[in-house]
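**Student:** Take this structure first; my questions come after.
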Amino acid sequence: YVYDHVFTEGQEVVYENIGRPMLADAFEGYNVCLFAYGQTGSGKTYSILGEGGDREGIIPRFCNEMFAVAQERLDEDATLGIKISMSYVEIYNEKVRDLLEKRRKGELTALDIHETADKKICVEGLSIHTVLNYERIRVLIDQGSAQRQVAETKMNEKSSRSHSIIQFYLNQTYDPPTPEKR
């Protein structure tokens, strides 16, 4: 196997090499994606969420810096508006479910995925939540994680039996609109 990099130095180094460049690209208007894949117990959750303190994962570091950069940009440009929101879905048994869905009792609703006329992928009925700080994001992640499908495996007594997608939406607008700014 050939690898671009093997991280042995800790969470800060992982974020500096992966998360910070992604954040810079996001503020430049590009879509970015972090994909964690691996065997049960291989460290995906630890890398993504971490354990707090100096062991924070990529998402807490990314989000805290995203809000700091957003505030810096707002302070520098009075015509700029920034809105940050998020969604959290799971794919389980070939069904997409909104982990942040407000529900009374029973199973989460299976949602439909389709492609829009402008070639964007859309999950119909997905709830999108405006967030103002990482503390709110953490609450939503905890709420959604509590609804994920889990079951015991030979390697892990509480292994997730699904794939999850946490999506952040970073919208930057200028008033009045200026063509030279993306």
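Quick note on naming: the chains in the structure tokens go A, B, ... in the order shown, residues restart at 1 in each chain, and ligands are numbered from 1 in order of appearance.
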Please produce, as JSON lines, a per-residue contact table for region 59-147 of chain A versus region 17-38 of chain A (criterion: any atom at most 10 Å away, only C-alpha atoms considered), showing the nearest atom pair and its distance in Å to one decimal, sorted by chain then residue number.
**Tutor:**
```
{"residue": "A:Ile59", "atom": "CA", "partner": "A:Gly19", "partner_atom": "CA", "distance": 8.1}
{"residue": "A:Arg61", "atom": "CA", "partner": "A:Gly19", "partner_atom": "CA", "distance": 7.8}
{"residue": "A:Phe62", "atom": "CA", "partner": "A:Gly19", "partner_atom": "CA", "distance": 6.0}
{"residue": "A:Cys63", "atom": "CA", "partner": "A:Leu23", "partner_atom": "CA", "distance": 9.0}
{"residue": "A:Glu65", "atom": "CA", "partner": "A:Leu23", "partner_atom": "CA", "distance": 8.2}
{"residue": "A:Met66", "atom": "CA", "partner": "A:Leu23", "partner_atom": "CA", "distance": 6.9}
{"residue": "A:Val69", "atom": "CA", "partner": "A:Phe27", "partner_atom": "CA", "distance": 8.6}
{"residue": "A:Ala70", "atom": "CA", "partner": "A:Phe27", "partner_atom": "CA", "distance": 8.5}
{"residue": "A:Arg73", "atom": "CA", "partner": "A:Phe27", "partner_atom": "CA", "distance": 9.7}
```
**Student:** As a list in words, please: every residue in region 118-147 of chain A that DSSP puts in alpha helix (DSSP H).
**Tutor:**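 Here are the alpha helix (DSSP H) residues of region 118-147 of chain A: Tyr134, Glu135, Arg136, Ile137, Arg138, Val139, Leu140, Ile141, Asp142, Gln143, Gly144 and Ser145 of chain A.
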**Student:** Tell me, as a list of chain:residue names, which residues lie within 12 Å of Pro177 (chain A), counting only C-alpha atoms; anything in the same chain fewer than 5 positions away does not count.
**Tutor:**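 My reading of the contact set: A:Thr79, A:Leu80, A:Gly81, A:Gln172, A:Arg182.
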**Student:** Would you mind exporting C-alpha atoms of the selected residues as an mmCIF file, in the first residue's frame?
**Tutor:**
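Once everything was written out, this is out.cif:
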```cif
data_model
loop_
_atom_site.group_PDB
_atom_site.id
_atom_site.type_symbol
_atom_site.label_atom_id
_atom_site.label_comp_id
_atom_site.auth_asym_id
_atom_site.auth_seq_id
_atom_site.Cartn_x
_atom_site.Cartn_y
_atom_site.Cartn_z
ATOM 1 C CA THR A 79 -21.465 44.063 3.673
ATOM 2 C CA LEU A 80 -20.894 40.377 4.471
ATOM 3 C CA GLY A 81 -23.531 38.088 5.989
ATOM 4 C CA GLN A 172 -21.848 33.865 2.634
ATOM 5 C CA ARG A 182 -17.283 34.743 -4.238
#
```
**Student:** Grab the CA of Leu111 (chain A) to CA of Glu135 (chain A) distance for me, in Å with one decimal place.
**Tutor:**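 Computed distance, CA of Leu111 (chain A) to CA of Glu135 (chain A), equals 27.4 Å.
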**Student:** Which of these residues is nearest to Ile113 (chain A), using only C-alpha atoms: A:Asp77, A:Glu101, A:Glu94, A:Glu51?
**Tutor:**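 Residue with the minimum atom-to-atom distance to Ile113 (chain A): A:Glu94.
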**Student:** Smallest atom-to-atom distance to His129 (chain A): which of A:Thr40, A:Gln149, A:Ser87, A:Asn171, using only C-alpha atoms?
**Tutor:**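 For His129 (chain A), the nearest of the candidates is A:Ser87.
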**Student:** Would you pick out the contacts of Ile166 (chain A) at 9 Å or less, using only C-alpha atoms, so that residues sharing its chain but fewer than 2 positions from it are not included, and give the list as number ranges by chain?
**Tutor:** A: 86-90, 141, 164, 168
**Student:** Print the selection's residues with N, CA and C atoms to a file, as a PDB file, in the first residue's frame.
**Tutor:**
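As written to disk, part_21.pdb reads:
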```pdb
ATOM      1  N   MET A  86     -26.624  23.057   9.751  1.00  0.00           N
ATOM      2  CA  MET A  86     -26.174  21.663   9.656  1.00  0.00           C
ATOM      3  C   MET A  86     -27.357  20.708   9.547  1.00  0.00           C
ATOM      4  N   SER A  87     -27.035  19.512   9.063  1.00  0.00           N
ATOM      5  CA  SER A  87     -27.976  18.391   9.052  1.00  0.00           C
ATOM      6  C   SER A  87     -27.190  17.137   9.447  1.00  0.00           C
ATOM      7  N   TYR A  88     -27.917  16.096   9.828  1.00  0.00           N
ATOM      8  CA  TYR A  88     -27.277  14.862  10.292  1.00  0.00           C
ATOM      9  C   TYR A  88     -28.173  13.702   9.863  1.00  0.00           C
ATOM     10  N   VAL A  89     -27.703  12.872   8.958  1.00  0.00           N
ATOM     11  CA  VAL A  89     -28.490  11.734   8.475  1.00  0.00           C
ATOM     12  C   VAL A  89     -27.736  10.433   8.691  1.00  0.00           C
ATOM     13  N   GLU A  90     -28.488   9.367   8.636  1.00  0.00           N
ATOM     14  CA  GLU A  90     -27.905   8.031   8.687  1.00  0.00           C
ATOM     15  C   GLU A  90     -28.444   7.233   7.506  1.00  0.00           C
ATOM     16  N   ILE A 141     -25.315  16.923  17.504  1.00  0.00           N
ATOM     17  CA  ILE A 141     -24.611  15.662  17.212  1.00  0.00           C
ATOM     18  C   ILE A 141     -24.967  14.614  18.262  1.00  0.00           C
ATOM     19  N   SER A 164     -23.159   7.442   8.735  1.00  0.00           N
ATOM     20  CA  SER A 164     -23.763   8.738   9.049  1.00  0.00           C
ATOM     21  C   SER A 164     -23.072   9.846   8.274  1.00  0.00           C
ATOM     22  N   PHE A 168     -22.389  20.424   7.003  1.00  0.00           N
ATOM     23  CA  PHE A 168     -22.431  21.835   7.391  1.00  0.00           C
ATOM     24  C   PHE A 168     -22.660  22.662   6.138  1.00  0.00           C
TER      25      PHE A 168
END
```
**Student:** So which one's closest to Gly144 (chain A), A:Leu100, A:Leu132, A:Ile165, A:Ala110? Using only C-alpha atoms, please.
**Tutor:**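 Going through A:Leu100, A:Leu132, A:Ile165, A:Ala110 one by one, the smallest distance to Gly144 (chain A) is for A:Leu100.
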**Student:** Using the chain letters and numbers from this document, which residues of region 92-172 of chain A does DSSP assign to strand (DSSP E or B), as a list in words?
**Tutor:**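 Restricting region 92-172 of chain A to strand (DSSP E or B) produces Tyr92, Lys95, Val96, Arg97, Asp98, Ala110, Leu111, Ile113, His114, Glu115, Ile121, Cys122, Val123, His129, Thr130, Val150, Ala151, Ser159, Ser160, His163, Ser164, Ile165, Ile166, Gln167, Phe168, Tyr169, Leu170, Asn171 and Gln172 of chain A.
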**Student:** Which residues come within 8 Å of Thr109 (chain A), counting only C-alpha atoms, excluding same-chain residues fewer than 2 positions away, as an MDAnalysis selection string?
**Tutor:** chainID A and resid 97:98 107 111
